[in-house]
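Text of the file work_31.pdb, holding PDB, N, CA and C atoms:
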```
ATOM      1  N   MET N 689     -85.477  16.909 -44.151
ATOM      2  CA  MET N 689     -84.034  16.973 -44.208
ATOM      3  C   MET N 689     -83.512  16.792 -42.780
ATOM      4  N   ASP N 690     -82.548  15.877 -42.640
ATOM      5  CA  ASP N 690     -81.998  15.676 -41.296
ATOM      6  C   ASP N 690     -80.867  16.666 -41.019
ATOM      7  N   LYS N 691     -80.397  16.672 -39.783
ATOM      8  CA  LYS N 691     -79.391  17.648 -39.354
ATOM      9  C   LYS N 691     -78.078  17.499 -40.122
ATOM     10  N   GLU N 692     -77.705  16.277 -40.449
ATOM     11  CA  GLU N 692     -76.446  16.038 -41.175
ATOM     12  C   GLU N 692     -76.513  16.619 -42.594
ATOM     13  N   ASP N 693     -77.620  16.407 -43.268
ATOM     14  CA  ASP N 693     -77.785  16.967 -44.616
ATOM     15  C   ASP N 693     -77.794  18.493 -44.579
ATOM     16  N   PHE N 694     -78.494  19.039 -43.578
ATOM     17  CA  PHE N 694     -78.557  20.494 -43.447
ATOM     18  C   PHE N 694     -77.175  21.083 -43.175
ATOM     19  N   ALA N 695     -76.406  20.426 -42.328
ATOM     20  CA  ALA N 695     -75.049  20.903 -42.007
ATOM     21  C   ALA N 695     -74.175  20.885 -43.268
ATOM     22  N   GLY N 696     -74.299  19.850 -44.084
ATOM     23  CA  GLY N 696     -73.541  19.766 -45.338
ATOM     24  C   GLY N 696     -73.935  20.868 -46.312
ATOM     25  N   LEU N 697     -75.228  21.111 -46.393
ATOM     26  CA  LEU N 697     -75.729  22.177 -47.261
ATOM     27  C   LEU N 697     -75.241  23.541 -46.785
ATOM     28  N   LEU N 698     -75.293  23.782 -45.505
ATOM     29  CA  LEU N 698     -74.840  25.045 -44.933
ATOM     30  C   LEU N 698     -73.332  25.237 -45.166
ATOM     31  N   ALA N 699     -72.562  24.185 -45.017
ATOM     32  CA  ALA N 699     -71.116  24.270 -45.274
ATOM     33  C   ALA N 699     -70.855  24.628 -46.734
ATOM     34  N   GLY N 700     -71.625  24.056 -47.646
ATOM     35  CA  GLY N 700     -71.480  24.364 -49.069
ATOM     36  C   GLY N 700     -71.796  25.816 -49.379
ATOM     37  N   VAL N 701     -72.830  26.348 -48.763
ATOM     38  CA  VAL N 701     -73.205  27.750 -48.959
ATOM     39  C   VAL N 701     -72.103  28.667 -48.422
ATOM     40  N   ARG N 702     -71.538  28.305 -47.287
ATOM     41  CA  ARG N 702     -70.454  29.114 -46.715
ATOM     42  C   ARG N 702     -69.221  29.094 -47.632
ATOM     43  N   GLN N 703     -68.915  27.917 -48.206
ATOM     44  CA  GLN N 703     -67.792  27.836 -49.150
ATOM     45  C   GLN N 703     -68.062  28.681 -50.389
ATOM     46  N   MET N 704     -69.288  28.652 -50.863
ATOM     47  CA  MET N 704     -69.652  29.446 -52.027
ATOM     48  C   MET N 704     -69.456  30.939 -51.728
ATOM     49  N   LYS N 705     -69.852  31.356 -50.552
ATOM     50  CA  LYS N 705     -69.683  32.759 -50.166
ATOM     51  C   LYS N 705     -68.207  33.135 -50.149
ATOM     52  N   ARG N 706     -67.367  32.272 -49.567
ATOM     53  CA  ARG N 706     -65.925  32.528 -49.538
ATOM     54  C   ARG N 706     -65.365  32.616 -50.959
ATOM     55  N   HIS N 707     -65.806  31.722 -51.809
ATOM     56  CA  HIS N 707     -65.341  31.714 -53.200
ATOM     57  C   HIS N 707     -65.739  33.004 -53.918
ATOM     58  N   MET N 708     -66.960  33.461 -53.706
ATOM     59  CA  MET N 708     -67.432  34.685 -54.353
ATOM     60  C   MET N 708     -66.704  35.920 -53.832
ATOM     61  N   GLN N 709     -66.157  35.842 -52.629
ATOM     62  CA  GLN N 709     -65.381  36.941 -52.066
ATOM     63  C   GLN N 709     -63.926  36.896 -52.527
ATOM     64  N   GLY N 710     -63.595  35.893 -53.340
ATOM     65  CA  GLY N 710     -62.240  35.778 -53.850
ATOM     66  C   GLY N 710     -61.295  35.028 -52.936
ATOM     67  N   LYS N 711     -61.830  34.377 -51.924
ATOM     68  CA  LYS N 711     -61.000  33.615 -50.987
ATOM     69  C   LYS N 711     -60.834  32.184 -51.499
ATOM     70  N   ARG N 712     -59.795  31.546 -51.045
ATOM     71  CA  ARG N 712     -59.522  30.172 -51.474
ATOM     72  C   ARG N 712     -60.536  29.213 -50.867
ATOM     73  N   VAL N 713     -60.949  28.260 -51.693
ATOM     74  CA  VAL N 713     -61.891  27.233 -51.257
ATOM     75  C   VAL N 713     -61.341  25.899 -51.744
ATOM     76  N   PRO N 714     -61.272  24.896 -50.880
ATOM     77  CA  PRO N 714     -60.756  23.599 -51.308
ATOM     78  C   PRO N 714     -61.541  23.053 -52.498
ATOM     79  N   GLY N 715     -60.821  22.623 -53.523
ATOM     80  CA  GLY N 715     -61.455  22.011 -54.688
ATOM     81  C   GLY N 715     -61.883  22.975 -55.774
ATOM     82  N   ALA N 716     -61.880  24.256 -55.494
ATOM     83  CA  ALA N 716     -62.293  25.247 -56.501
ATOM     84  C   ALA N 716     -61.065  25.755 -57.241
ATOM     85  N   ARG N 717     -61.170  25.814 -58.571
ATOM     86  CA  ARG N 717     -60.081  26.336 -59.388
ATOM     87  C   ARG N 717     -60.556  27.581 -60.101
ATOM     88  N   THR N 718     -59.700  28.573 -60.140
ATOM     89  CA  THR N 718     -60.024  29.795 -60.864
ATOM     90  C   THR N 718     -58.931  30.078 -61.874
ATOM     91  N   THR N 719     -59.315  30.728 -62.941
ATOM     92  CA  THR N 719     -58.376  31.111 -63.981
ATOM     93  C   THR N 719     -58.524  32.597 -64.225
ATOM     94  N   ARG N 720     -57.424  33.305 -64.175
ATOM     95  CA  ARG N 720     -57.454  34.739 -64.425
ATOM     96  C   ARG N 720     -57.313  34.955 -65.931
ATOM     97  N   VAL N 721     -58.246  35.682 -66.495
ATOM     98  CA  VAL N 721     -58.253  35.953 -67.921
ATOM     99  C   VAL N 721     -57.938  37.430 -68.142
ATOM    100  N   GLU N 722     -56.998  37.685 -69.032
ATOM    101  CA  GLU N 722     -56.622  39.062 -69.343
ATOM    102  C   GLU N 722     -57.788  39.772 -70.026
ATOM    103  N   MET N 723     -58.096  40.968 -69.563
ATOM    104  CA  MET N 723     -59.186  41.741 -70.147
ATOM    105  C   MET N 723     -58.762  42.280 -71.504
ATOM    106  N   ILE N 724     -59.595  42.090 -72.494
ATOM    107  CA  ILE N 724     -59.344  42.607 -73.835
ATOM    108  C   ILE N 724     -59.755  44.079 -73.861
ATOM    109  N   GLN N 725     -58.893  44.937 -74.329
ATOM    110  CA  GLN N 725     -59.161  46.367 -74.412
ATOM    111  C   GLN N 725     -59.807  46.678 -75.775
ATOM    112  N   ALA N 726     -61.085  46.408 -75.900
ATOM    113  CA  ALA N 726     -61.794  46.542 -77.173
ATOM    114  C   ALA N 726     -61.715  47.964 -77.725
ATOM    115  N   ARG N 727     -61.862  48.954 -76.875
ATOM    116  CA  ARG N 727     -61.824  50.351 -77.352
ATOM    117  C   ARG N 727     -60.454  50.689 -77.924
ATOM    118  N   LYS N 728     -59.417  50.283 -77.236
ATOM    119  CA  LYS N 728     -58.054  50.537 -77.691
ATOM    120  C   LYS N 728     -57.797  49.859 -79.039
ATOM    121  N   ILE N 729     -58.278  48.646 -79.200
ATOM    122  CA  ILE N 729     -58.107  47.904 -80.450
ATOM    123  C   ILE N 729     -58.863  48.603 -81.581
ATOM    124  N   ARG N 730     -60.104  49.011 -81.302
ATOM    125  CA  ARG N 730     -60.905  49.686 -82.330
ATOM    126  C   ARG N 730     -60.264  51.007 -82.739
ATOM    127  N   CYS N 731     -59.795  51.774 -81.770
ATOM    128  CA  CYS N 731     -59.165  53.068 -82.075
ATOM    129  C   CYS N 731     -57.892  52.878 -82.892
ATOM    130  N   ALA N 732     -57.122  51.836 -82.577
ATOM    131  CA  ALA N 732     -55.903  51.549 -83.344
ATOM    132  C   ALA N 732     -56.240  51.200 -84.791
ATOM    133  N   ALA N 733     -57.417  50.617 -84.994
ATOM    134  CA  ALA N 733     -57.865  50.277 -86.347
ATOM    135  C   ALA N 733     -58.416  51.506 -87.072
ATOM    136  N   GLY N 734     -58.691  52.583 -86.334
ATOM    137  CA  GLY N 734     -59.175  53.816 -86.937
ATOM    138  C   GLY N 734     -60.613  53.749 -87.414
ATOM    139  N   LEU N 735     -61.437  52.987 -86.711
ATOM    140  CA  LEU N 735     -62.834  52.822 -87.114
ATOM    141  C   LEU N 735     -63.775  53.330 -86.028
ATOM    142  N   SER N 736     -64.970  53.738 -86.455
ATOM    143  CA  SER N 736     -66.008  54.124 -85.494
ATOM    144  C   SER N 736     -66.558  52.850 -84.856
ATOM    145  N   GLN N 737     -67.324  53.026 -83.798
ATOM    146  CA  GLN N 737     -67.926  51.863 -83.141
ATOM    147  C   GLN N 737     -68.804  51.073 -84.103
ATOM    148  N   SER N 738     -69.649  51.772 -84.843
ATOM    149  CA  SER N 738     -70.569  51.061 -85.739
ATOM    150  C   SER N 738     -69.819  50.357 -86.871
ATOM    151  N   GLU N 739     -68.786  50.988 -87.407
ATOM    152  CA  GLU N 739     -67.993  50.354 -88.470
ATOM    153  C   GLU N 739     -67.293  49.098 -87.946
ATOM    154  N   PHE N 740     -66.680  49.224 -86.774
ATOM    155  CA  PHE N 740     -65.932  48.107 -86.216
ATOM    156  C   PHE N 740     -66.860  46.948 -85.849
ATOM    157  N   ALA N 741     -67.997  47.269 -85.232
ATOM    158  CA  ALA N 741     -68.963  46.236 -84.855
ATOM    159  C   ALA N 741     -69.434  45.468 -86.088
ATOM    160  N   GLN N 742     -69.757  46.203 -87.142
ATOM    161  CA  GLN N 742     -70.221  45.560 -88.371
ATOM    162  C   GLN N 742     -69.114  44.697 -88.978
ATOM    163  N   LEU N 743     -67.898  45.194 -88.959
ATOM    164  CA  LEU N 743     -66.767  44.485 -89.550
ATOM    165  C   LEU N 743     -66.486  43.161 -88.850
ATOM    166  N   ILE N 744     -66.567  43.149 -87.516
ATOM    167  CA  ILE N 744     -66.263  41.910 -86.802
ATOM    168  C   ILE N 744     -67.499  41.051 -86.535
ATOM    169  N   GLY N 745     -68.661  41.533 -86.955
ATOM    170  CA  GLY N 745     -69.876  40.724 -86.895
ATOM    171  C   GLY N 745     -70.564  40.668 -85.543
ATOM    172  N   VAL N 746     -70.529  41.781 -84.806
ATOM    173  CA  VAL N 746     -71.260  41.848 -83.539
ATOM    174  C   VAL N 746     -72.164  43.074 -83.564
ATOM    175  N   SER N 747     -73.108  43.104 -82.665
ATOM    176  CA  SER N 747     -73.991  44.263 -82.607
ATOM    177  C   SER N 747     -73.240  45.449 -81.991
ATOM    178  N   LEU N 748     -73.715  46.631 -82.293
ATOM    179  CA  LEU N 748     -73.127  47.845 -81.741
ATOM    180  C   LEU N 748     -73.200  47.811 -80.208
ATOM    181  N   LYS N 749     -74.311  47.366 -79.671
ATOM    182  CA  LYS N 749     -74.501  47.294 -78.217
ATOM    183  C   LYS N 749     -73.477  46.339 -77.581
ATOM    184  N   THR N 750     -73.209  45.222 -78.248
ATOM    185  CA  THR N 750     -72.209  44.276 -77.736
ATOM    186  C   THR N 750     -70.846  44.937 -77.662
ATOM    187  N   LEU N 751     -70.449  45.617 -78.738
ATOM    188  CA  LEU N 751     -69.164  46.308 -78.751
ATOM    189  C   LEU N 751     -69.106  47.369 -77.652
ATOM    190  N   GLN N 752     -70.178  48.115 -77.474
ATOM    191  CA  GLN N 752     -70.212  49.141 -76.431
ATOM    192  C   GLN N 752     -70.071  48.513 -75.039
ATOM    193  N   ASN N 753     -70.699  47.377 -74.835
ATOM    194  CA  ASN N 753     -70.570  46.678 -73.554
ATOM    195  C   ASN N 753     -69.126  46.228 -73.317
ATOM    196  N   TRP N 754     -68.460  45.758 -74.365
ATOM    197  CA  TRP N 754     -67.051  45.365 -74.236
ATOM    198  C   TRP N 754     -66.195  46.582 -73.897
ATOM    199  N   GLU N 755     -66.418  47.675 -74.611
ATOM    200  CA  GLU N 755     -65.600  48.866 -74.417
ATOM    201  C   GLU N 755     -65.791  49.459 -73.026
ATOM    202  N   GLN N 756     -66.975  49.335 -72.466
ATOM    203  CA  GLN N 756     -67.237  49.865 -71.129
ATOM    204  C   GLN N 756     -67.022  48.810 -70.042
ATOM    205  N   GLU N 757     -66.496  47.649 -70.469
ATOM    206  CA  GLU N 757     -66.152  46.531 -69.587
ATOM    207  C   GLU N 757     -67.323  46.034 -68.737
ATOM    208  N   ARG N 758     -68.538  46.143 -69.294
ATOM    209  CA  ARG N 758     -69.700  45.542 -68.636
ATOM    210  C   ARG N 758     -69.718  44.045 -68.910
ATOM    211  N   THR N 759     -69.248  43.669 -70.107
ATOM    212  CA  THR N 759     -69.090  42.268 -70.478
ATOM    213  C   THR N 759     -67.737  42.130 -71.164
ATOM    214  N   ALA N 760     -67.332  40.901 -71.397
ATOM    215  CA  ALA N 760     -66.045  40.656 -72.052
ATOM    216  C   ALA N 760     -66.248  39.725 -73.237
ATOM    217  N   PRO N 761     -65.513  39.948 -74.312
ATOM    218  CA  PRO N 761     -65.619  39.055 -75.461
ATOM    219  C   PRO N 761     -65.081  37.673 -75.113
ATOM    220  N   THR N 762     -65.698  36.656 -75.678
ATOM    221  CA  THR N 762     -65.258  35.283 -75.447
ATOM    222  C   THR N 762     -65.159  34.553 -76.782
ATOM    223  N   GLY N 763     -64.544  33.413 -76.758
ATOM    224  CA  GLY N 763     -64.480  32.528 -77.921
ATOM    225  C   GLY N 763     -63.909  33.186 -79.150
ATOM    226  N   PRO N 764     -64.575  32.987 -80.299
ATOM    227  CA  PRO N 764     -64.074  33.510 -81.566
ATOM    228  C   PRO N 764     -63.918  35.032 -81.583
ATOM    229  N   ALA N 765     -64.805  35.751 -80.916
ATOM    230  CA  ALA N 765     -64.706  37.216 -80.890
ATOM    231  C   ALA N 765     -63.431  37.641 -80.174
ATOM    232  N   ARG N 766     -63.103  36.974 -79.101
ATOM    233  CA  ARG N 766     -61.875  37.277 -78.353
ATOM    234  C   ARG N 766     -60.653  37.016 -79.228
ATOM    235  N   ALA N 767     -60.667  35.892 -79.933
ATOM    236  CA  ALA N 767     -59.546  35.553 -80.817
ATOM    237  C   ALA N 767     -59.417  36.582 -81.940
ATOM    238  N   LEU N 768     -60.536  36.980 -82.523
ATOM    239  CA  LEU N 768     -60.505  37.969 -83.600
ATOM    240  C   LEU N 768     -59.967  39.309 -83.107
ATOM    241  N   LEU N 769     -60.367  39.721 -81.931
ATOM    242  CA  LEU N 769     -59.864  40.980 -81.378
ATOM    243  C   LEU N 769     -58.351  40.914 -81.137
ATOM    244  N   LYS N 770     -57.856  39.769 -80.715
ATOM    245  CA  LYS N 770     -56.408  39.613 -80.521
ATOM    246  C   LYS N 770     -55.668  39.715 -81.860
ATOM    247  N   ILE N 771     -56.257  39.166 -82.912
ATOM    248  CA  ILE N 771     -55.648  39.248 -84.247
ATOM    249  C   ILE N 771     -55.618  40.694 -84.717
ATOM    250  N   VAL N 772     -56.726  41.404 -84.550
ATOM    251  CA  VAL N 772     -56.789  42.806 -84.945
ATOM    252  C   VAL N 772     -55.797  43.627 -84.125
ATOM    253  N   ALA N 773     -55.667  43.326 -82.839
ATOM    254  CA  ALA N 773     -54.740  44.061 -81.973
ATOM    255  C   ALA N 773     -53.295  43.863 -82.423
ATOM    256  N   ALA N 774     -52.959  42.671 -82.892
ATOM    257  CA  ALA N 774     -51.584  42.373 -83.298
ATOM    258  C   ALA N 774     -51.182  43.128 -84.554
ATOM    259  N   ASN N 775     -52.109  43.283 -85.499
ATOM    260  CA  ASN N 775     -51.797  43.979 -86.747
ATOM    261  C   ASN N 775     -53.088  44.565 -87.312
ATOM    262  N   PRO N 776     -53.507  45.729 -86.814
ATOM    263  CA  PRO N 776     -54.805  46.296 -87.210
ATOM    264  C   PRO N 776     -54.980  46.467 -88.721
ATOM    265  N   LYS N 777     -53.988  47.033 -89.391
ATOM    266  CA  LYS N 777     -54.144  47.304 -90.827
ATOM    267  C   LYS N 777     -54.342  46.017 -91.627
ATOM    268  N   ALA N 778     -53.503  45.016 -91.375
ATOM    269  CA  ALA N 778     -53.613  43.753 -92.116
ATOM    270  C   ALA N 778     -54.913  43.033 -91.796
ATOM    271  N   ALA N 779     -55.302  43.029 -90.532
ATOM    272  CA  ALA N 779     -56.533  42.358 -90.146
ATOM    273  C   ALA N 779     -57.758  43.024 -90.769
ATOM    274  N   ILE N 780     -57.783  44.363 -90.745
ATOM    275  CA  ILE N 780     -58.906  45.084 -91.342
ATOM    276  C   ILE N 780     -58.956  44.850 -92.838
ATOM    277  N   ALA N 781     -57.797  44.858 -93.485
ATOM    278  CA  ALA N 781     -57.758  44.596 -94.922
ATOM    279  C   ALA N 781     -58.279  43.191 -95.236
ATOM    280  N   ALA N 782     -57.889  42.220 -94.424
ATOM    281  CA  ALA N 782     -58.356  40.846 -94.634
ATOM    282  C   ALA N 782     -59.860  40.723 -94.405
ATOM    283  N   LEU N 783     -60.369  41.412 -93.403
ATOM    284  CA  LEU N 783     -61.810  41.369 -93.127
ATOM    285  C   LEU N 783     -62.620  42.076 -94.203
ATOM    286  N   HIS N 784     -62.045  43.088 -94.837
ATOM    287  CA  HIS N 784     -62.746  43.823 -95.909
ATOM    288  C   HIS N 784     -62.737  43.069 -97.229
ATOM    289  N   SER N 785     -61.922  42.037 -97.361
ATOM    290  CA  SER N 785     -61.758  41.376 -98.651
ATOM    291  C   SER N 785     -62.800  40.312 -98.945
ATOM    292  N   ASP N 786     -63.972  40.408 -98.352
ATOM    293  CA  ASP N 786     -65.030  39.414 -98.595
ATOM    294  C   ASP N 786     -65.426  39.376-100.032
TER     295      ASP N 786
END
```

I need this file expressed as structure tokens, please.
Amino acid sequence: MDKEDFAGLLAGVRQMKRHMQGKRVPGARTTRVEMIQARKIRCAAGLSQSEFAQLIGVSLKTLQNWEQERTAPTGPARALLKIVAANPKAAIAALHSD
């Protein structure tokens, strides 16, 4: 590796470090995503963790990770939680009607 390639690589690593620290980096785009309050949604539905996890089709451990904010729901699970949050009784009734 020549000096020019090494300098480019080093500059990239430094930019990555700045980005990971939350600083602006040219060309990098970030999107702030609102955290879903899974515990609050489940409590509003009046269900235990195991009941709620089974109802929405995730493992109990996954739900616990969401509630403790170790991980965040994405994709269809995120959309389903938003639906349940908007109207817990109707959403639960619809999910029970299999």

Handout entry: Who sits within 6 Å of segment 767-778 of chain N, only C-alpha atoms, same chain under 2 positions skipped, as a list in words
Key = Ile729, Ala733, Pro764, Ala765, Ile780 and Ala781 of chain N

Take the residues from that selection and write them out as an mmCIF file, in the frame of the given file, keeping N, CA and C atoms.
```cif
data_model
loop_
_atom_site.group_PDB
_atom_site.id
_atom_site.type_symbol
_atom_site.label_atom_id
_atom_site.label_comp_id
_atom_site.auth_asym_id
_atom_site.auth_seq_id
_atom_site.Cartn_x
_atom_site.Cartn_y
_atom_site.Cartn_z
ATOM 1 N N ILE N 729 -58.278 48.646 -79.200
ATOM 2 C CA ILE N 729 -58.107 47.904 -80.450
ATOM 3 C C ILE N 729 -58.863 48.603 -81.581
ATOM 4 N N ALA N 733 -57.417 50.617 -84.994
ATOM 5 C CA ALA N 733 -57.865 50.277 -86.347
ATOM 6 C C ALA N 733 -58.416 51.506 -87.072
ATOM 7 N N PRO N 764 -64.575 32.987 -80.299
ATOM 8 C CA PRO N 764 -64.074 33.510 -81.566
ATOM 9 C C PRO N 764 -63.918 35.032 -81.583
ATOM 10 N N ALA N 765 -64.805 35.751 -80.916
ATOM 11 C CA ALA N 765 -64.706 37.216 -80.890
ATOM 12 C C ALA N 765 -63.431 37.641 -80.174
ATOM 13 N N ILE N 780 -57.783 44.363 -90.745
ATOM 14 C CA ILE N 780 -58.906 45.084 -91.342
ATOM 15 C C ILE N 780 -58.956 44.850 -92.838
ATOM 16 N N ALA N 781 -57.797 44.858 -93.485
ATOM 17 C CA ALA N 781 -57.758 44.596 -94.922
ATOM 18 C C ALA N 781 -58.279 43.191 -95.236
#
```

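Distances from N:Ala779, N:Ala726, N:Leu697, N:Val721 to Trp754 of chain N were compared using only C-alpha atoms, and the smallest one belongs to N:Ala726.
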
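Interatomic distance, atom C of Gly763 of chain N against atom C of His707 of chain N: 25.3 Å.
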
Exercise for the section: Output as a ChimeraX atom specification all residues of chain N that backbone DSSP marks as alpha helix (DSSP H). Expected result: /N:691-708,726-733,737-744,748-755,763-774,776-784

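Pairwise distance (atom CA of Arg717 of chain N, atom C of Arg758 of chain N) equals 22.3 Å.
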
Show me, as JSON, the centre and edge lengths in Å to one decimal of the axis-aligned box that covers every listed atom of segment 758-767 of chain N with 4 Å on each side.
```
{"center_x": -64.6, "center_y": 39.3, "center_z": -75.3, "size_x": 18.3, "size_y": 21.6, "size_z": 21.3}
```

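Going from atom N of Gln703 of chain N to atom N of Arg720 of chain N covers 20.4 Å.
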
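Take the candidates N:Arg702, N:Gln737, N:Ala695, N:Cys731 and check each one against Lys749 of chain N using all atoms listed in the file; the shortest distance goes to N:Gln737.
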